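Novice: One file is attached below, data38.txt, containing compact mmCIF, C-alpha atoms.
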```
# COMPACT_ATOMS: atom_id res chain seq x y z
CA MET A 1413 175.81 122.02 59.73
CA THR A 1414 174.15 125.28 58.74
CA ASP A 1415 171.05 126.74 60.37
CA ASP A 1416 167.56 126.47 58.93
CA GLY A 1417 167.96 129.64 56.86
CA ASP A 1418 164.80 131.40 58.10
CA GLY A 1419 166.27 134.76 57.08
CA LEU A 1420 166.86 133.67 53.48
CA PRO A 1421 164.56 134.37 50.51
CA LEU A 1422 161.96 131.68 49.87
CA ALA A 1423 163.73 130.29 46.80
CA ASP A 1424 166.95 129.84 48.78
CA ARG A 1425 165.09 128.07 51.58
CA LEU A 1426 163.43 125.78 49.07
CA ALA A 1427 166.78 125.05 47.44
CA ARG A 1428 168.17 124.11 50.84
CA ARG A 1429 165.25 121.76 51.53
CA ILE A 1430 165.73 120.04 48.17
CA ARG A 1431 169.47 119.84 48.79
CA THR A 1432 168.71 118.09 52.09
CA LEU A 1433 166.66 115.52 50.17
CA LEU A 1434 169.65 114.93 47.91
CA ILE A 1435 172.01 114.50 50.88
CA SER A 1436 169.60 112.05 52.55
CA GLY A 1437 169.52 109.91 49.40
CA GLU A 1438 165.79 110.45 48.85
CA LEU A 1439 166.38 111.75 45.32
CA ALA A 1440 168.32 109.60 42.86
CA PRO A 1441 170.63 110.59 39.99
CA GLY A 1442 168.65 111.12 36.79
CA GLN A 1443 165.29 111.29 38.59
CA ARG A 1444 162.76 113.70 37.07
CA LEU A 1445 161.39 116.27 39.52
CA SER A 1446 157.69 117.06 39.18
CA GLU A 1447 156.87 120.74 39.63
CA ALA A 1448 153.33 119.86 40.66
CA ALA A 1449 154.42 117.30 43.26
CA PHE A 1450 157.10 119.50 44.81
CA SER A 1451 154.86 122.56 44.77
CA GLU A 1452 152.25 120.61 46.71
CA ARG A 1453 154.81 119.02 49.01
CA PHE A 1454 156.32 122.35 50.07
CA ASP A 1455 153.06 124.33 49.73
CA VAL A 1456 154.66 126.97 47.49
CA SER A 1457 153.95 128.48 44.09
CA ARG A 1458 155.49 126.96 40.98
CA ASN A 1459 157.31 130.25 40.31
CA SER A 1460 159.12 130.01 43.67
CA LEU A 1461 159.91 126.36 43.02
CA ARG A 1462 161.29 127.15 39.55
CA GLU A 1463 163.64 129.72 41.08
CA ALA A 1464 164.84 127.10 43.58
CA PHE A 1465 165.39 124.67 40.70
CA ARG A 1466 167.35 127.37 38.89
CA LEU A 1467 169.63 127.88 41.92
CA LEU A 1468 170.29 124.16 42.21
CA THR A 1469 170.92 123.88 38.47
CA LYS A 1470 173.51 126.63 38.81
CA ASP A 1471 175.16 124.57 41.57
CA GLY A 1472 175.27 121.54 39.25
CA LEU A 1473 172.84 119.49 41.37
CA LEU A 1474 169.96 119.59 38.89
CA ARG A 1475 169.77 119.90 35.12
CA HIS A 1476 167.06 121.37 32.91
CA GLU A 1477 166.15 119.73 29.64
CA ALA A 1478 164.08 121.74 27.17
CA ASN A 1479 160.55 120.36 26.74
CA ARG A 1480 161.27 117.58 29.22
CA GLY A 1481 161.63 119.22 32.63
CA VAL A 1482 164.08 119.23 35.52
CA PHE A 1483 166.17 116.21 36.49
CA VAL A 1484 168.60 115.34 39.26
CA ALA A 1485 172.14 115.61 37.91
CA VAL A 1486 174.23 112.53 37.19
CA PRO A 1487 177.85 112.97 38.40
CA SER A 1488 180.65 112.44 35.89
CA MET A 1489 184.07 110.89 36.52
CA SER A 1490 185.67 114.33 36.36
CA SER A 1491 183.23 115.78 38.90
CA ILE A 1492 183.95 112.89 41.29
CA ILE A 1493 187.69 113.54 41.06
CA ASP A 1494 187.09 117.22 41.78
CA ILE A 1495 184.78 116.43 44.72
CA TYR A 1496 187.47 114.33 46.38
CA ARG A 1497 190.11 116.98 45.70
CA VAL A 1498 187.99 119.51 47.55
CA ARG A 1499 187.18 117.06 50.35
CA ARG A 1500 190.87 116.42 51.02
CA MET A 1501 191.45 120.14 51.42
CA LEU A 1502 188.44 120.75 53.67
CA GLU A 1503 188.29 117.65 55.83
CA CYS A 1504 192.00 117.13 56.40
CA GLY A 1505 192.36 120.83 57.20
CA ALA A 1506 189.48 120.68 59.69
CA LEU A 1507 190.98 117.65 61.45
CA ARG A 1508 194.46 119.16 61.69
CA GLN A 1509 193.14 122.09 63.70
CA ALA A 1510 190.59 120.13 65.75
CA TRP A 1511 190.17 121.01 69.42
CA GLN A 1512 189.84 117.92 71.60
CA GLN A 1513 186.76 119.25 73.44
CA HIS A 1514 184.91 120.43 70.35
CA PRO A 1515 181.24 119.30 70.43
CA ALA A 1516 181.49 118.14 66.81
CA ILE A 1517 183.65 115.25 68.00
CA ARG A 1518 180.67 113.90 69.92
CA ALA A 1519 178.64 114.16 66.71
CA MET A 1520 181.35 112.16 64.91
CA ARG A 1521 181.11 109.43 67.55
CA GLU A 1522 177.30 109.38 67.33
CA ALA A 1523 177.55 109.00 63.54
CA VAL A 1524 179.89 106.02 63.95
CA THR A 1525 177.43 104.40 66.37
CA MET A 1526 174.59 105.02 63.91
CA ALA A 1527 176.60 103.54 61.03
CA ARG A 1528 177.34 100.36 62.96
CA ARG A 1529 173.68 99.94 63.86
CA GLU A 1530 172.61 100.40 60.23
CA ARG A 1531 175.39 98.10 59.00
CA ASP A 1532 174.24 95.34 61.36
CA ALA A 1533 170.75 95.74 59.90
CA ALA A 1534 172.21 95.62 56.35
CA ASN A 1535 170.64 99.03 55.70
CA TRP A 1536 173.26 100.48 53.38
CA ILE A 1537 171.27 103.63 52.63
CA GLY A 1538 171.25 104.21 56.38
CA VAL A 1539 174.99 103.58 56.55
CA GLY A 1540 175.45 106.14 53.79
CA SER A 1541 173.38 108.69 55.73
CA ALA A 1542 175.43 108.07 58.87
CA ASN A 1543 178.57 108.55 56.81
CA MET A 1544 177.29 111.90 55.57
CA LYS A 1545 176.66 112.99 59.18
CA PHE A 1546 180.18 111.92 60.12
CA HIS A 1547 181.83 114.03 57.44
CA ALA A 1548 179.53 117.00 58.10
CA ALA A 1549 180.65 116.87 61.73
CA ILE A 1550 184.28 117.00 60.60
CA ILE A 1551 183.56 120.21 58.70
CA ASP A 1552 181.87 121.57 61.86
CA LEU A 1553 185.28 121.35 63.55
CA SER A 1554 186.27 124.41 61.50
CA ASP A 1555 183.60 126.61 63.16
CA SER A 1556 182.93 128.31 59.81
CA VAL A 1557 179.40 129.01 58.60
CA ARG A 1558 180.76 129.66 55.10
CA LEU A 1559 182.55 126.31 54.95
CA ASN A 1560 179.43 124.53 56.22
CA GLU A 1561 177.29 126.14 53.53
CA PHE A 1562 179.84 125.27 50.85
CA TYR A 1563 180.13 121.69 52.09
CA GLU A 1564 176.36 121.22 51.84
CA ARG A 1565 176.70 121.48 48.06
CA ILE A 1566 179.65 119.07 48.04
CA ALA A 1567 177.73 116.62 50.25
CA ALA A 1568 174.74 116.66 47.91
CA GLU A 1569 176.97 115.88 44.94
CA LEU A 1570 178.68 113.14 46.91
CA ARG A 1571 175.38 111.47 47.78
CA LEU A 1572 174.47 111.50 44.10
CA CYS A 1573 177.70 109.59 43.47
CA PHE A 1574 176.57 106.97 46.01
CA GLY A 1575 173.29 106.67 44.12
CA LEU A 1576 175.10 105.52 40.98
CA LEU A 1577 176.55 102.42 42.60
CA ASN A 1578 175.03 98.97 42.26
CA ASP A 1579 176.84 97.67 45.35
CA PRO A 1580 176.65 100.26 48.17
CA GLU A 1581 177.83 97.66 50.69
CA HIS A 1582 181.18 97.43 48.88
CA LEU A 1583 181.59 101.20 49.13
CA HIS A 1584 180.39 101.83 52.68
CA SER A 1585 181.27 98.76 54.74
CA PRO A 1586 185.09 99.22 54.98
CA PHE A 1587 184.78 102.85 56.03
CA VAL A 1588 182.66 102.36 59.15
CA GLU A 1589 185.66 101.20 61.17
CA MET A 1590 187.90 103.79 59.54
CA ASN A 1591 185.49 106.47 60.74
CA ASP A 1592 185.78 104.99 64.21
CA ALA A 1593 189.59 105.06 64.07
CA ILE A 1594 189.68 108.71 62.97
CA THR A 1595 187.22 109.68 65.71
CA THR A 1596 189.35 107.88 68.31
CA LEU A 1597 192.46 109.77 67.20
CA VAL A 1598 190.70 113.12 67.59
CA GLU A 1599 189.26 112.10 70.97
CA ASN A 1600 192.82 111.28 72.06
CA ASP A 1601 194.07 114.72 70.94
CA LYS A 1602 195.96 113.44 67.88
CA PRO A 1603 194.64 115.80 65.19
CA HIS A 1604 197.56 115.49 62.79
CA GLU A 1605 197.41 111.70 62.85
CA ALA A 1606 193.66 111.92 62.25
CA ALA A 1607 194.20 114.23 59.27
CA ALA A 1608 196.81 111.88 57.78
CA GLN A 1609 194.46 108.92 58.14
CA MET A 1610 191.64 110.92 56.56
CA GLU A 1611 193.81 111.65 53.52
CA THR A 1612 194.48 107.93 53.12
CA TYR A 1613 190.76 107.26 53.65
CA LEU A 1614 189.68 109.75 50.98
CA ASN A 1615 192.23 108.46 48.47
CA LEU A 1616 190.89 104.93 48.98
CA ALA A 1617 187.25 106.10 48.80
CA GLU A 1618 187.93 107.95 45.55
CA ARG A 1619 189.54 104.90 43.94
CA THR A 1620 186.70 102.67 45.16
CA MET A 1621 184.10 105.06 43.74
CA LEU A 1622 185.80 105.43 40.36
CA LYS A 1623 186.36 101.68 39.96
CA ALA A 1624 182.74 100.95 40.86
CA LEU A 1625 181.48 103.49 38.37
CA GLU A 1626 183.78 102.13 35.70
CA ARG A 1627 182.39 98.62 36.26
CA ALA A 1628 178.84 99.96 36.19
CA SER A 1629 179.44 101.79 32.89
CA GLU A 1630 180.93 98.64 31.34
CA LYS A 1631 177.77 96.69 32.23
CA ALA A 1632 175.45 99.43 30.93
```
Would you mind writing the structure in this file as structure tokens?

Specialist:
Amino acid sequence: MTDDGDGLPLADRLARRIRTLLISGELAPGQRLSEAAFSERFDVSRNSLREAFRLLTKDGLLRHEANRGVFVAVPSMSSIIDIYRVRRMLECGALRQAWQQHPAIRAMREAVTMARRERDAANWIGVGSANMKFHAAIIDLSDSVRLNEFYERIAAELRLCFGLLNDPEHLHSPFVEMNDAITTLVENDKPHEAAAQMETYLNLAERTMLKALERASEKA
């Protein structure tokens, strides 16, 4: 995806590092973030960390509660619907214009291999991480730094959605082979077929996510 951002201000670099933690699934929806712990972890001042928190709050990834602190955001149904709307535009568009020899296709294949390995080990957090790598590689097909940077925010929100589910296996398991099928289509120079399958994939993923969250809210 994007580079390491060495030329960015410190607060922006910190925000990117925290966003990476969100994408990896290390931070959970609703989790309180300790200024002291993160300041020590990143070896930065609390003022710099607060500015990073402010940037991520503006992006909707964190929320600030007066007299309580900073918490990881909890996605709503409406935000999930919007996330998948944006994903259909970005990912299907990237696949439609994919070049058969693009190096991102190799990254897609590697992500599928990783997902199968994690699935066989019943490591569903690992499957989720492999899935994130797969979709990031699809965005890389566009060769756009701006789209990559934008998608980082979408990916972080998406991973927060995963964190709300009580049954990650139900969400992730069916899509491992679908990822493989889409990768095979692109490898065989069938970008439009791959884009059409991705649209079907994302529609199914959205319905699966919303139904799972609805069941979880009924049990709460």

Novice: At what distance in Å, to one decimal, does CA of Asp1424 in chain A lie from CA of Asp1471 in chain A?

Specialist: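 It comes out at 12.1 Å.
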
Novice: Could you build a table of the residues in range 1428-1453 of chain A lying no more than 7 Å from range 1478-1495 of chain A, giving for each the nearest pair of atoms and their separation in Å rounded to one decimal place, using all atoms listed in the file, ordered by chain and ascending residue number, as a tab-separated table?

Specialist:
```
residue	atom	partner	partner_atom	distance
A:Ala1440	CA	A:Val1484	CA	6.8
A:Pro1441	CA	A:Val1486	CA	5.0
A:Gly1442	CA	A:Val1484	CA	4.9
A:Gln1443	CA	A:Val1484	CA	5.3
A:Arg1444	CA	A:Phe1483	CA	4.3
A:Leu1445	CA	A:Val1482	CA	5.7
```

Novice: With only C-alpha atoms as the atoms that count, which of A:Leu1583, A:Leu1577, A:Val1588, A:Leu1625 lies nearest to Ala1523 in chain A?

Specialist: A:Val1588

Novice: Just checking: using only C-alpha atoms, which residue out of A:Leu1622, A:Ala1423, A:Ala1449, A:Ile1435 ends up closest to Leu1468 in chain A?

Specialist: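 Of A:Leu1622, A:Ala1423, A:Ala1449, A:Ile1435, the one nearest Leu1468 in chain A, counting only C-alpha atoms, is A:Ala1423.
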
Novice: A:Lys1623, A:Arg1431, A:Arg1425, A:His1584: which is nearest Leu1572 in chain A, counting all atoms listed in the file?

Specialist: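 Closest to Leu1572 in chain A of all the choices is A:Arg1431.
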
Novice: Measure the distance from CA of Ser1541 in chain A to CA of Ile1566 in chain A in Å and round it to one decimal.

Specialist: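 Computed distance, CA of Ser1541 in chain A to CA of Ile1566 in chain A, equals 14.4 Å.
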
Novice: With 7 Å as the cut-off and all atoms listed in the file counted, what is the closest atom pair between each nearby residue of range 1418-1515 of chain A and range 1607-1620 of chain A? Distances in Å to one decimal, ordered by chain and number, as a Markdown table.

Specialist:
```
| residue | atom | partner | partner_atom | distance |
| --- | --- | --- | --- | --- |
| A:Tyr1496 | CA | A:Glu1618 | CA | 6.5 |
| A:Arg1500 | CA | A:Glu1611 | CA | 6.1 |
| A:Cys1504 | CA | A:Ala1607 | CA | 4.6 |
| A:Leu1507 | CA | A:Ala1607 | CA | 5.2 |
| A:Arg1508 | CA | A:Ala1607 | CA | 5.5 |
```

Novice: If you count all atoms listed in the file, which residues fall within 9 Å of range 1456-1462 of chain A, apart from same-chain ones fewer than 6 positions away, as a PyMOL selection string?

Specialist: chain A and resi 1422-1423+1426-1427+1447-1448+1450

Novice: Please compute the CA of Val1598 in chain A-CA of Ala1506 in chain A distance, one decimal, in Å.

Specialist: 11.0 Å

Novice: Where's the centre, and what are the edge lengths in Å to one decimal, of a box along x, y and z enclosing all listed atoms of range 1434-1438 of chain A padded 5 Å per side, as lines of an AutoDock Vina configuration file?

Specialist:
```
center_x = 168.9
center_y = 112.4
center_z = 50.2
size_x = 16.2
size_y = 15.0
size_z = 14.6
```

Novice: Closest to Arg1531 in chain A among A:Glu1581, A:Glu1569, A:Arg1429, A:Gln1513, using all atoms listed in the file?

Specialist: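 Selected residue with least distance to Arg1531 in chain A: A:Glu1581.
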
Novice: Write out as a PyMOL selection string the residues lying within 10 Å of His1582 in chain A, counting only C-alpha atoms and excluding same-chain residues fewer than 2 positions away.

Specialist: chain A and resi 1536+1577-1580+1584-1587+1620-1621+1624

Novice: Here is a test: counting all atoms listed in the file, which residue of A:Cys1573, A:Ile1550, A:Leu1597, A:Leu1467 is nearest to His1514 in chain A?

Specialist: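 Smallest separation from His1514 in chain A among the options: A:Ile1550.
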
Novice: Pick out the closest residue to Gln1509 in chain A from this set: A:Ala1542, A:Glu1438, A:His1604, A:Asp1592. Count all atoms listed in the file.

Specialist: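 Once distances to Gln1509 in chain A are computed over all atoms listed in the file, the minimum belongs to A:His1604.
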
Novice: For Ala1516 in chain A, find every residue with an atom within 7 Å (counting only C-alpha atoms), except residues of its own chain fewer than 5 positions away, and show them as a list in words.

Specialist: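 My reading of the contact set: Ala1549, Ile1550, Asp1552 and Leu1553 of chain A.
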